[in-house]
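Text of input04.cif (mmCIF, C-alpha atoms) as supplied:
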```
data_start
#
loop_
_atom_site.label_atom_id
_atom_site.label_comp_id
_atom_site.auth_asym_id
_atom_site.auth_seq_id
_atom_site.Cartn_x
_atom_site.Cartn_y
_atom_site.Cartn_z
CA MET A 1 70.44 156.97 156.28
CA THR A 2 70.58 154.76 153.18
CA GLY A 3 73.60 152.58 153.87
CA GLU A 4 77.15 153.63 154.52
CA PRO A 5 80.36 152.79 152.65
CA GLN A 6 82.02 149.58 153.86
CA GLY A 7 85.54 150.60 152.83
CA CYS A 8 87.08 153.69 151.35
CA GLY A 9 85.24 153.45 148.05
CA ALA A 10 83.00 156.22 146.86
CA PRO A 11 79.31 155.29 146.80
CA ALA A 12 77.25 156.35 143.78
CA GLY A 13 75.90 159.80 144.43
CA GLY A 14 78.26 160.33 147.33
CA VAL A 15 77.66 159.64 151.00
CA ALA A 16 74.10 160.58 151.86
CA VAL A 17 73.85 163.41 154.32
CA THR A 18 70.87 163.35 156.63
CA GLU A 19 70.17 164.97 159.96
CA ASN A 20 72.37 162.24 161.51
CA SER A 21 74.78 161.05 158.85
CA SER A 22 77.33 159.68 161.31
CA GLY A 23 75.53 156.38 161.83
CA GLU A 24 75.24 157.00 165.55
CA ALA A 25 72.11 155.94 167.43
CA ILE A 26 71.42 159.28 169.08
CA ILE A 27 68.93 159.92 171.88
CA GLU A 28 68.45 163.58 172.68
CA GLY A 29 65.87 165.72 174.35
CA ARG A 30 64.88 168.54 176.63
CA VAL A 31 63.70 168.62 180.22
CA THR A 32 61.08 171.10 181.38
CA MET A 33 59.22 171.94 184.57
CA ASP A 34 55.90 173.80 184.24
CA GLY A 35 56.84 174.51 180.62
CA SER A 36 60.23 176.11 181.39
CA PRO A 37 63.62 174.49 180.67
CA VAL A 38 65.39 172.88 183.66
CA PRO A 39 69.00 174.13 183.48
CA VAL A 40 70.28 172.40 186.64
CA GLY A 41 69.92 168.66 186.70
CA TYR A 42 71.15 165.41 185.24
CA ALA A 43 69.99 162.94 182.60
CA ARG A 44 71.13 159.35 183.03
CA LEU A 45 70.86 156.60 180.43
CA LEU A 46 69.98 153.11 181.69
CA ASN A 47 70.09 149.97 179.53
CA ASP A 48 67.20 147.53 179.14
CA GLY A 49 68.32 145.77 182.31
CA GLY A 50 68.09 149.01 184.28
CA GLU A 51 71.89 149.31 184.55
CA PHE A 52 73.48 152.75 184.51
CA VAL A 53 75.21 153.49 181.20
CA ALA A 54 75.91 157.23 181.08
CA GLU A 55 74.98 160.55 182.60
CA VAL A 56 75.18 164.15 181.43
CA PRO A 57 74.43 167.43 183.19
CA LEU A 58 71.53 169.23 181.52
CA GLY A 59 72.39 172.15 179.26
CA GLU A 60 71.12 175.67 179.90
CA ASP A 61 68.12 174.86 177.71
CA GLY A 62 67.47 171.66 179.69
CA GLY A 63 68.95 169.64 176.84
CA PHE A 64 70.82 166.32 176.80
CA ARG A 65 72.23 163.94 174.16
CA PHE A 66 73.47 160.34 174.23
CA PHE A 67 75.25 158.25 171.63
CA ALA A 68 73.65 154.89 172.28
CA ALA A 69 73.41 151.65 170.31
CA PRO A 70 70.25 150.29 168.67
CA GLY A 71 67.86 148.94 171.29
CA SER A 72 65.67 149.92 174.20
CA TRP A 73 66.86 152.39 176.83
CA THR A 74 65.53 154.44 179.73
CA VAL A 75 66.36 158.09 180.30
CA ARG A 76 66.17 159.08 183.99
CA VAL A 77 66.15 162.73 184.97
CA LEU A 78 67.32 163.99 188.39
CA ALA A 79 66.76 167.64 189.28
CA PRO A 80 66.86 169.70 192.51
CA ARG A 81 64.21 169.28 195.22
CA GLY A 82 63.74 165.61 194.44
CA ALA A 83 62.36 166.08 190.92
CA ARG A 84 62.64 162.87 188.92
CA ALA A 85 61.28 161.26 185.77
CA ASP A 86 61.92 158.04 183.82
CA GLN A 87 61.16 157.65 180.13
CA THR A 88 61.69 154.52 178.04
CA VAL A 89 62.84 154.99 174.47
CA SER A 90 64.13 152.95 171.55
CA ALA A 91 67.18 154.00 169.51
CA ASP A 92 68.13 153.10 165.94
CA LYS A 93 71.39 153.35 164.07
CA GLY A 94 71.66 156.55 162.05
CA HIS A 95 68.55 157.94 163.67
CA THR A 96 68.08 160.69 166.23
CA THR A 97 65.33 159.95 168.73
CA LYS A 98 63.96 163.13 170.32
CA LEU A 99 62.31 163.33 173.73
CA GLU A 100 60.43 165.97 175.69
CA ILE A 101 60.49 165.15 179.41
CA SER A 102 58.61 167.14 182.00
CA VAL A 103 59.37 166.82 185.70
CA SER A 104 57.78 168.08 188.89
CA THR A 105 59.22 168.39 192.37
CA ALA A 106 58.66 165.74 195.01
CA GLY A 107 56.69 168.25 197.06
CA MET B 1 91.64 153.79 207.30
CA SER B 2 88.23 155.19 208.06
CA ARG B 3 85.84 157.02 205.78
CA SER B 4 86.41 160.37 207.52
CA ASP B 5 90.15 160.16 206.66
CA VAL B 6 89.37 160.33 202.94
CA LEU B 7 85.88 161.84 202.55
CA VAL B 8 84.06 164.96 203.69
CA ASP B 9 80.39 165.77 203.16
CA ALA B 10 78.80 168.96 201.87
CA ASP B 11 77.85 170.20 205.36
CA TRP B 12 81.47 169.86 206.49
CA VAL B 13 82.63 171.91 203.50
CA GLU B 14 80.02 174.63 204.15
CA GLY B 15 81.15 174.78 207.78
CA HIS B 16 84.85 175.05 206.92
CA LEU B 17 84.82 177.48 203.99
CA GLY B 18 87.68 179.92 204.44
CA ASP B 19 89.61 177.76 206.92
CA PRO B 20 93.31 178.50 206.62
CA GLY B 21 95.26 175.51 205.37
CA MET B 22 92.26 174.07 203.49
CA VAL B 23 92.06 174.38 199.70
CA LEU B 24 89.00 173.42 197.67
CA VAL B 25 89.78 172.27 194.14
CA GLU B 26 87.23 171.62 191.40
CA VAL B 27 88.55 169.13 188.85
CA ASP B 28 86.87 168.50 185.53
CA GLU B 29 87.44 167.57 181.94
CA ASP B 30 85.17 170.39 180.89
CA THR B 31 85.90 173.33 183.16
CA SER B 32 83.15 175.53 181.74
CA ALA B 33 81.01 174.37 184.69
CA TYR B 34 83.54 175.98 187.07
CA ASP B 35 83.44 179.20 185.09
CA LYS B 36 79.64 179.39 185.41
CA GLY B 37 79.68 178.70 189.16
CA HIS B 38 81.74 176.86 191.76
CA ILE B 39 81.89 176.42 195.52
CA ALA B 40 83.19 179.63 197.17
CA SER B 41 87.01 179.81 197.35
CA ALA B 42 87.56 176.80 195.05
CA VAL B 43 90.35 176.90 192.48
CA LYS B 44 90.10 174.84 189.29
CA ILE B 45 92.20 172.12 187.74
CA ASP B 46 91.54 171.16 184.14
CA TRP B 47 91.93 167.38 183.86
CA LYS B 48 93.21 167.62 180.30
CA LYS B 49 95.15 170.88 180.13
CA ASP B 50 96.67 170.76 183.61
CA LEU B 51 97.12 167.07 184.34
CA GLN B 52 97.99 165.53 180.94
CA ASP B 53 101.23 165.88 179.00
CA PRO B 54 100.43 167.90 175.86
CA VAL B 55 102.61 165.71 173.60
CA ARG B 56 103.09 162.15 174.89
CA ARG B 57 100.23 160.05 176.20
CA ASP B 58 101.11 160.28 179.86
CA PHE B 59 100.43 162.59 182.70
CA ILE B 60 102.59 165.50 183.74
CA ASP B 61 105.89 164.67 185.41
CA LYS B 62 106.98 165.51 188.94
CA HIS B 63 108.28 168.93 187.97
CA GLY B 64 105.06 169.70 186.11
CA PHE B 65 103.00 168.75 189.16
CA GLU B 66 105.17 170.95 191.39
CA GLU B 67 104.67 173.86 189.01
CA LEU B 68 100.90 173.30 188.88
CA MET B 69 100.57 173.15 192.69
CA SER B 70 102.77 176.21 193.16
CA ALA B 71 100.81 178.22 190.60
CA ARG B 72 97.47 177.28 192.24
CA GLY B 73 98.82 178.38 195.63
CA ILE B 74 98.74 174.91 197.17
CA SER B 75 101.37 174.06 199.83
CA ASN B 76 102.67 170.68 200.85
CA ASP B 77 100.90 170.86 204.20
CA ASP B 78 97.54 172.14 202.90
CA LEU B 79 94.49 169.92 203.24
CA VAL B 80 93.16 169.61 199.68
CA ILE B 81 89.44 168.89 199.20
CA LEU B 82 88.68 167.71 195.68
CA TYR B 83 85.31 167.70 193.95
CA GLY B 84 83.97 167.75 190.41
CA GLY B 85 81.25 166.79 187.98
CA ASN B 86 80.70 163.40 186.35
CA ASN B 87 80.08 161.85 189.77
CA ASN B 88 83.55 162.88 190.94
CA TRP B 89 85.36 160.76 188.29
CA PHE B 90 87.93 163.42 187.52
CA ALA B 91 88.20 164.45 191.16
CA ALA B 92 88.87 160.79 192.06
CA TYR B 93 91.47 160.68 189.31
CA ALA B 94 93.08 163.81 190.76
CA TYR B 95 92.94 162.27 194.23
CA TRP B 96 94.83 159.22 192.91
CA TYR B 97 97.25 161.60 191.20
CA PHE B 98 97.85 163.66 194.37
CA ARG B 99 98.58 160.41 196.22
CA LEU B 100 100.87 159.29 193.41
CA TYR B 101 102.97 162.42 193.91
CA GLY B 102 102.97 162.02 197.69
CA HIS B 103 100.32 164.53 198.80
CA ASP B 104 98.65 162.68 201.68
CA LYS B 105 96.42 165.45 203.06
CA VAL B 106 93.75 165.09 200.42
CA LYS B 107 90.06 164.19 200.64
CA LEU B 108 87.08 163.95 198.30
CA LEU B 109 83.82 165.83 198.75
CA ASP B 110 81.28 162.99 198.81
CA GLY B 111 78.81 163.41 195.96
CA GLY B 112 80.91 166.13 194.33
CA ARG B 113 79.32 168.85 192.30
CA LYS B 114 76.16 166.87 191.57
CA LYS B 115 75.09 166.45 195.19
CA TRP B 116 75.94 170.10 195.84
CA GLU B 117 73.73 171.18 192.91
CA LEU B 118 70.88 168.80 193.72
CA ASP B 119 70.92 170.22 197.28
CA SER B 120 70.63 173.72 195.72
CA ARG B 121 73.69 174.90 197.69
CA ASP B 122 75.43 178.18 196.81
CA LEU B 123 77.80 178.53 193.85
CA VAL B 124 79.81 181.66 193.08
CA THR B 125 81.69 182.99 190.06
CA GLU B 126 84.49 184.90 191.85
CA VAL B 127 87.85 183.29 191.19
CA PRO B 128 90.04 183.32 194.33
CA GLU B 129 93.57 184.65 194.24
CA ARG B 130 96.03 182.51 196.13
CA PRO B 131 99.65 183.54 196.56
CA ARG B 132 102.17 181.34 194.77
CA THR B 133 103.86 178.58 196.78
CA SER B 134 107.01 176.46 196.36
CA TYR B 135 105.59 172.97 196.19
CA HIS B 136 107.79 169.85 196.40
CA ALA B 137 106.41 166.60 195.00
CA ALA B 138 107.61 163.08 195.79
CA ASP B 139 108.70 160.66 193.08
CA PRO B 140 105.65 158.96 191.52
CA ASP B 141 104.41 156.01 193.57
CA THR B 142 103.97 153.30 190.94
CA SER B 143 102.57 150.89 193.52
CA ILE B 144 99.18 152.40 192.66
CA ARG B 145 99.63 152.71 188.88
CA ALA B 146 99.54 149.76 186.43
CA PHE B 147 101.12 149.65 182.97
CA ARG B 148 100.13 147.49 180.01
CA ASP B 149 102.64 144.61 180.32
CA GLU B 150 101.71 144.17 183.94
CA VAL B 151 98.04 144.07 182.94
CA VAL B 152 98.62 141.37 180.31
CA ALA B 153 100.62 139.36 182.89
CA ALA B 154 97.78 139.75 185.39
CA ILE B 155 95.24 137.88 183.21
CA GLY B 156 94.04 134.90 185.23
CA GLN B 157 96.44 135.79 188.06
CA ARG B 158 95.16 138.91 189.77
CA ASN B 159 91.74 140.49 190.10
CA LEU B 160 91.00 142.56 187.02
CA VAL B 161 88.05 144.89 187.52
CA ASP B 162 86.50 146.45 184.44
CA VAL B 163 84.43 149.36 185.74
CA ARG B 164 82.85 150.40 182.44
CA SER B 165 79.14 149.95 181.74
CA PRO B 166 77.90 146.43 180.89
CA ASP B 167 77.48 147.47 177.26
CA GLU B 168 81.09 148.65 176.93
CA PHE B 169 82.26 145.49 178.71
CA SER B 170 80.36 143.16 176.38
CA GLY B 171 81.52 145.04 173.28
CA LYS B 172 78.16 146.60 172.35
CA LEU B 173 79.51 150.14 172.90
CA LEU B 174 83.10 151.42 172.57
CA ALA B 175 82.76 154.48 174.78
CA PRO B 176 80.34 155.84 177.36
CA ALA B 177 77.05 156.69 175.71
CA HIS B 178 77.52 160.43 176.21
CA LEU B 179 80.38 160.30 173.69
CA PRO B 180 80.55 159.50 169.96
CA GLN B 181 81.36 155.80 169.54
CA GLU B 182 84.90 155.83 168.19
CA GLN B 183 87.95 155.24 170.35
CA ALA B 184 89.83 151.95 170.66
CA GLN B 185 90.37 149.76 167.59
CA ARG B 186 88.55 146.82 169.13
CA ALA B 187 85.63 146.43 171.54
CA GLY B 188 85.39 143.97 174.43
CA HIS B 189 87.25 143.40 177.68
CA ILE B 190 90.42 141.87 179.11
CA PRO B 191 89.92 138.12 179.61
CA THR B 192 89.10 137.11 183.20
CA ALA B 193 88.09 140.67 184.13
CA LYS B 194 85.00 141.05 186.28
CA ASN B 195 82.56 143.77 185.26
CA VAL B 196 81.67 145.95 188.24
CA PRO B 197 80.48 149.25 186.76
CA TRP B 198 81.72 152.22 188.83
CA SER B 199 78.09 153.35 189.11
CA LYS B 200 77.26 150.38 191.35
CA ALA B 201 79.52 151.92 194.01
CA ALA B 202 77.60 155.19 194.00
CA ASN B 203 74.11 156.33 194.91
CA ASP B 204 72.06 158.29 192.35
CA ASP B 205 73.19 161.57 193.93
CA GLY B 206 76.86 160.66 193.41
CA THR B 207 77.72 159.84 197.04
CA PHE B 208 79.50 156.56 197.79
CA LYS B 209 77.48 153.63 199.08
CA ALA B 210 78.08 152.36 202.64
CA ASP B 211 81.20 150.25 203.26
CA GLU B 212 79.11 147.18 203.99
CA ASP B 213 77.26 147.45 200.66
CA LEU B 214 80.55 148.04 198.84
CA ARG B 215 82.19 145.00 200.37
CA LYS B 216 79.18 142.89 199.41
CA LEU B 217 79.25 144.27 195.86
CA TYR B 218 82.88 143.36 195.13
CA ALA B 219 83.35 140.24 197.25
CA ASP B 220 79.96 138.50 197.17
CA GLU B 221 78.29 139.69 193.97
CA ALA B 222 81.33 140.09 191.68
CA GLY B 223 83.41 137.34 193.28
CA LEU B 224 86.60 139.36 193.73
CA ASP B 225 89.23 137.50 195.75
CA PHE B 226 90.32 140.08 198.33
CA SER B 227 93.43 138.03 199.13
CA LYS B 228 94.77 138.82 195.65
CA ASP B 229 96.14 142.06 194.19
CA THR B 230 93.76 144.05 192.01
CA ILE B 231 93.98 146.19 188.88
CA ALA B 232 91.06 148.44 187.92
CA TYR B 233 90.56 149.85 184.43
CA CYS B 234 87.96 151.64 182.32
CA ARG B 235 88.38 153.56 179.06
CA ILE B 236 90.91 156.26 180.01
CA GLY B 237 91.41 155.72 183.75
CA GLU B 238 89.08 158.23 185.42
CA ARG B 239 86.13 155.97 186.19
CA SER B 240 88.60 153.33 187.40
CA ALA B 241 90.22 155.94 189.68
CA HIS B 242 86.75 156.15 191.29
CA THR B 243 86.83 152.37 191.86
CA TRP B 244 90.49 152.51 192.97
CA PHE B 245 89.32 155.02 195.60
CA VAL B 246 86.58 152.64 196.76
CA LEU B 247 88.82 149.56 196.98
CA HIS B 248 92.01 151.18 198.27
CA GLU B 249 90.77 154.11 200.34
CA LEU B 250 87.30 153.11 201.56
CA LEU B 251 87.65 149.32 201.83
CA GLY B 252 91.35 149.45 202.75
CA GLN B 253 92.55 146.88 200.20
CA GLU B 254 96.32 147.15 200.20
CA HIS B 255 97.44 146.29 196.68
CA VAL B 256 95.18 148.02 194.19
CA LYS B 257 96.42 149.70 191.01
CA ASN B 258 94.67 151.93 188.53
CA TYR B 259 95.49 151.12 184.88
CA ASP B 260 95.14 154.57 183.33
CA GLY B 261 96.03 153.34 179.82
CA SER B 262 92.77 151.42 180.12
CA TRP B 263 90.66 150.31 177.15
CA THR B 264 91.86 153.01 174.74
CA GLU B 265 95.32 151.47 175.08
CA TYR B 266 94.47 147.79 175.59
CA GLY B 267 91.82 147.72 172.84
CA SER B 268 94.36 149.07 170.34
CA LEU B 269 97.27 146.73 171.22
CA VAL B 270 98.27 144.19 168.57
CA GLY B 271 98.13 140.53 169.58
CA VAL B 272 96.66 140.72 173.08
CA PRO B 273 93.69 138.50 173.98
CA ILE B 274 90.23 140.04 174.09
CA GLU B 275 86.98 138.54 175.34
CA LEU B 276 83.51 139.52 174.11
CA GLY B 277 80.16 139.09 175.75
CA GLU B 278 79.16 139.05 179.36
CA GLY B 279 82.27 137.47 180.82
CA ARG B 280 82.57 134.39 183.02
#
```

What would you get if you wrote out this structure as structure tokens?
Amino acid sequence: MTGEPQGCGAPAGGVAVTENSSGEAIIEGRVTMDGSPVPVGYARLLNDGGEFVAEVPLGEDGGFRFFAAPGSWTVRVLAPRGARADQTVSADKGHTTKLEISVSTAG
Amino acid sequence: MSRSDVLVDADWVEGHLGDPGMVLVEVDEDTSAYDKGHIASAVKIDWKKDLQDPVRRDFIDKHGFEELMSARGISNDDLVILYGGNNNWFAAYAYWYFRLYGHDKVKLLDGGRKKWELDSRDLVTEVPERPRTSYHAADPDTSIRAFRDEVVAAIGQRNLVDVRSPDEFSGKLLAPAHLPQEQAQRAGHIPTAKNVPWSKAANDDGTFKADEDLRKLYADEAGLDFSKDTIAYCRIGERSAHTWFVLHELLGQEHVKNYDGSWTEYGSLVGVPIELGEGR
């Protein structure tokens, strides 16, 4: 995104529209097990101090999305039968960071 | 009050499915999860459509609650077991709400929907039919509900517990990170509030931590003065209902209120003090 209007004025050429024109720092992704989507499970977002920030149930396609702030974050996945995965990611304003996370069961 | 007076676990629910006089209720903001699958015999309550006034910012009045209970087939003497997604936030809110309107036979399913799903327990899609009842609610018990003027007056006087995430507390985020970041006019927290995120009271699977750990968390780590009255708040009052449940129901603190106006109200008030950063 190439800068956003500060007030109500109209920027030359109009407000740029990109894949994420809202200015949000989005982290999204998909969780799979053995190549198939994991439809039952949870993705939690932890901040750079490891503190819990948010959690969403996975979608039917194993998908999740967070509206974060710029910085470093960890996405933790919890799924049935003890399946777990942590992935560290950095988010930027106006940018969508995409993740593919694969999990396996605890055994 | 002991834990078994206010909580049941998943095994207990499986063993008591179909008991007369016991009603399972799934409570959520997004009830599409219920529609896809719920615990057998559970009825649903939609946090927004059923529990909030459609016009004013307030929850439904006594008559509205009576109508809702009657329509769901819930009687005054039924034992109501509440559970839901989002780590039981909305179920805890409903629990607080049931107590507010005088329904004392109410308990939470520890871990809620998440623990049930992570255990791979059965979910069904059949919607139960319960005959209509004539429910009578009590007048709202405002000893457990805080309003804005009381919150402003409590700054520096009572315990204020901000249960949002550290990043919402410091002002980095305005809403939980699963939502777009636009809500209150200003970010930050109420001066003198201690930040004890609701999540610190729960295990990863959504169950509550042990009483001993909870007491340590609020008294020793956060420095809450248990001899003082307490007000808990978050963004709209559901996560703080979870903490109200911990302080009032699990730890037995007598004077604890949930401020359901929370940050979406406080952060939009003109002229009230706001603190940024990590707090003191």

With only C-alpha atoms considered, list every residue of chain B at most 12 Å from chain A, as an MDAnalysis selection string.
chainID B and resid 30 32:33 36:37 84:87 89 113:121 163:169 171:182 196:206 239

Hits of the PyMOL selection byres ((chain B and resi 102) around 12) in this structure, as a ChimeraX atom specification
/B:62,65-66,76-77,95-101,103-106,135-144

Could you save the residues just selected, with C-alpha atoms, as a compact mmCIF listing (two decimals), in the frame of the given file?
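Result went into selection.txt, see below:
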```txt
# COMPACT_ATOMS: atom_id res chain seq x y z
CA LYS B 62 106.98 165.51 188.94
CA PHE B 65 103.00 168.75 189.16
CA GLU B 66 105.17 170.95 191.39
CA ASN B 76 102.67 170.68 200.85
CA ASP B 77 100.90 170.86 204.20
CA TYR B 95 92.94 162.27 194.23
CA TRP B 96 94.83 159.22 192.91
CA TYR B 97 97.25 161.60 191.20
CA PHE B 98 97.85 163.66 194.37
CA ARG B 99 98.58 160.41 196.22
CA LEU B 100 100.87 159.29 193.41
CA TYR B 101 102.97 162.42 193.91
CA HIS B 103 100.32 164.53 198.80
CA ASP B 104 98.65 162.68 201.68
CA LYS B 105 96.42 165.45 203.06
CA VAL B 106 93.75 165.09 200.42
CA TYR B 135 105.59 172.97 196.19
CA HIS B 136 107.79 169.85 196.40
CA ALA B 137 106.41 166.60 195.00
CA ALA B 138 107.61 163.08 195.79
CA ASP B 139 108.70 160.66 193.08
CA PRO B 140 105.65 158.96 191.52
CA ASP B 141 104.41 156.01 193.57
CA THR B 142 103.97 153.30 190.94
CA SER B 143 102.57 150.89 193.52
CA ILE B 144 99.18 152.40 192.66
```

Could you expand the PyMOL selection byres ((chain B and resi 109) around 8) into the explicit residues it covers here, written as a list of chain:residue names?
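Expected selection for the PyMOL selection byres ((chain B and resi 109) around 8) here is B:Leu7, B:Val8, B:Asp9, B:Ala10, B:Val13, B:Ile81, B:Leu82, B:Tyr83, B:Lys107, B:Leu108, B:Asp110, B:Gly111, B:Gly112.
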
B:Glu126, B:Asp58, B:Glu67, B:Asp213 ranked by distance to Asp260 of chain B, top pick (using only C-alpha atoms)
B:Asp58

Tell me, in Å to one decimal, how far atom CA of Gly188 of chain B is from atom CA of Gln87 of chain A.
28.4 Å

Would you mind completing segment 156-179 of chain B to N, CA and C atoms and writing the output as a PDB file, in the frame of the given file?
```pdb
ATOM      1  N   GLY B 156      94.164 136.194 184.571  1.00  0.00           N
ATOM      2  CA  GLY B 156      94.040 134.900 185.230  1.00  0.00           C
ATOM      3  C   GLY B 156      94.840 134.784 186.521  1.00  0.00           C
ATOM      4  N   GLN B 157      95.597 135.836 186.863  1.00  0.00           N
ATOM      5  CA  GLN B 157      96.440 135.790 188.060  1.00  0.00           C
ATOM      6  C   GLN B 157      95.912 136.694 189.169  1.00  0.00           C
ATOM      7  N   ARG B 158      95.637 137.934 188.783  1.00  0.00           N
ATOM      8  CA  ARG B 158      95.160 138.910 189.770  1.00  0.00           C
ATOM      9  C   ARG B 158      93.692 139.217 189.488  1.00  0.00           C
ATOM     10  N   ASN B 159      93.076 139.973 190.387  1.00  0.00           N
ATOM     11  CA  ASN B 159      91.740 140.490 190.100  1.00  0.00           C
ATOM     12  C   ASN B 159      91.856 141.588 189.064  1.00  0.00           C
ATOM     13  N   LEU B 160      91.117 141.460 187.966  1.00  0.00           N
ATOM     14  CA  LEU B 160      91.000 142.560 187.020  1.00  0.00           C
ATOM     15  C   LEU B 160      89.561 143.052 187.119  1.00  0.00           C
ATOM     16  N   VAL B 161      89.395 144.343 187.387  1.00  0.00           N
ATOM     17  CA  VAL B 161      88.050 144.890 187.520  1.00  0.00           C
ATOM     18  C   VAL B 161      87.822 145.886 186.399  1.00  0.00           C
ATOM     19  N   ASP B 162      86.877 145.560 185.527  1.00  0.00           N
ATOM     20  CA  ASP B 162      86.500 146.450 184.440  1.00  0.00           C
ATOM     21  C   ASP B 162      85.310 147.259 184.937  1.00  0.00           C
ATOM     22  N   VAL B 163      85.468 148.557 185.081  1.00  0.00           N
ATOM     23  CA  VAL B 163      84.430 149.360 185.740  1.00  0.00           C
ATOM     24  C   VAL B 163      83.550 150.096 184.737  1.00  0.00           C
ATOM     25  N   ARG B 164      83.690 149.754 183.440  1.00  0.00           N
ATOM     26  CA  ARG B 164      82.850 150.400 182.440  1.00  0.00           C
ATOM     27  C   ARG B 164      81.420 149.842 182.517  1.00  0.00           C
ATOM     28  N   SER B 165      80.524 150.419 181.731  1.00  0.00           N
ATOM     29  CA  SER B 165      79.140 149.950 181.740  1.00  0.00           C
ATOM     30  C   SER B 165      79.081 148.552 181.121  1.00  0.00           C
ATOM     31  N   PRO B 166      78.028 147.782 181.444  1.00  0.00           N
ATOM     32  CA  PRO B 166      77.900 146.430 180.890  1.00  0.00           C
ATOM     33  C   PRO B 166      77.990 146.413 179.365  1.00  0.00           C
ATOM     34  N   ASP B 167      77.492 147.465 178.718  1.00  0.00           N
ATOM     35  CA  ASP B 167      77.480 147.470 177.260  1.00  0.00           C
ATOM     36  C   ASP B 167      78.869 147.745 176.663  1.00  0.00           C
ATOM     37  N   GLU B 168      79.703 148.481 177.382  1.00  0.00           N
ATOM     38  CA  GLU B 168      81.090 148.650 176.930  1.00  0.00           C
ATOM     39  C   GLU B 168      81.869 147.359 177.195  1.00  0.00           C
ATOM     40  N   PHE B 169      81.579 146.737 178.328  1.00  0.00           N
ATOM     41  CA  PHE B 169      82.260 145.490 178.710  1.00  0.00           C
ATOM     42  C   PHE B 169      81.988 144.388 177.686  1.00  0.00           C
ATOM     43  N   SER B 170      80.724 144.260 177.278  1.00  0.00           N
ATOM     44  CA  SER B 170      80.360 143.160 176.380  1.00  0.00           C
ATOM     45  C   SER B 170      80.815 143.434 174.945  1.00  0.00           C
ATOM     46  N   GLY B 171      81.092 144.701 174.635  1.00  0.00           N
ATOM     47  CA  GLY B 171      81.520 145.040 173.280  1.00  0.00           C
ATOM     48  C   GLY B 171      80.428 145.711 172.459  1.00  0.00           C
ATOM     49  N   LYS B 172      79.257 145.957 173.077  1.00  0.00           N
ATOM     50  CA  LYS B 172      78.160 146.600 172.350  1.00  0.00           C
ATOM     51  C   LYS B 172      78.481 148.082 172.072  1.00  0.00           C
ATOM     52  N   LEU B 173      79.086 148.739 173.057  1.00  0.00           N
ATOM     53  CA  LEU B 173      79.510 150.140 172.900  1.00  0.00           C
ATOM     54  C   LEU B 173      81.022 150.220 173.074  1.00  0.00           C
ATOM     55  N   LEU B 174      81.646 151.226 172.430  1.00  0.00           N
ATOM     56  CA  LEU B 174      83.100 151.420 172.570  1.00  0.00           C
ATOM     57  C   LEU B 174      83.455 152.508 173.559  1.00  0.00           C
ATOM     58  N   ALA B 175      82.490 153.340 173.889  1.00  0.00           N
ATOM     59  CA  ALA B 175      82.760 154.480 174.780  1.00  0.00           C
ATOM     60  C   ALA B 175      81.489 154.715 175.580  1.00  0.00           C
ATOM     61  N   PRO B 176      81.569 155.514 176.645  1.00  0.00           N
ATOM     62  CA  PRO B 176      80.340 155.840 177.360  1.00  0.00           C
ATOM     63  C   PRO B 176      79.346 156.475 176.392  1.00  0.00           C
ATOM     64  N   ALA B 177      78.073 156.275 176.669  1.00  0.00           N
ATOM     65  CA  ALA B 177      77.050 156.690 175.710  1.00  0.00           C
ATOM     66  C   ALA B 177      76.849 158.198 175.632  1.00  0.00           C
ATOM     67  N   HIS B 178      77.622 158.982 176.401  1.00  0.00           N
ATOM     68  CA  HIS B 178      77.520 160.430 176.210  1.00  0.00           C
ATOM     69  C   HIS B 178      78.557 160.903 175.193  1.00  0.00           C
ATOM     70  N   LEU B 179      79.344 159.958 174.652  1.00  0.00           N
ATOM     71  CA  LEU B 179      80.380 160.300 173.690  1.00  0.00           C
ATOM     72  C   LEU B 179      80.134 159.608 172.357  1.00  0.00           C
TER      73      LEU B 179
END
```
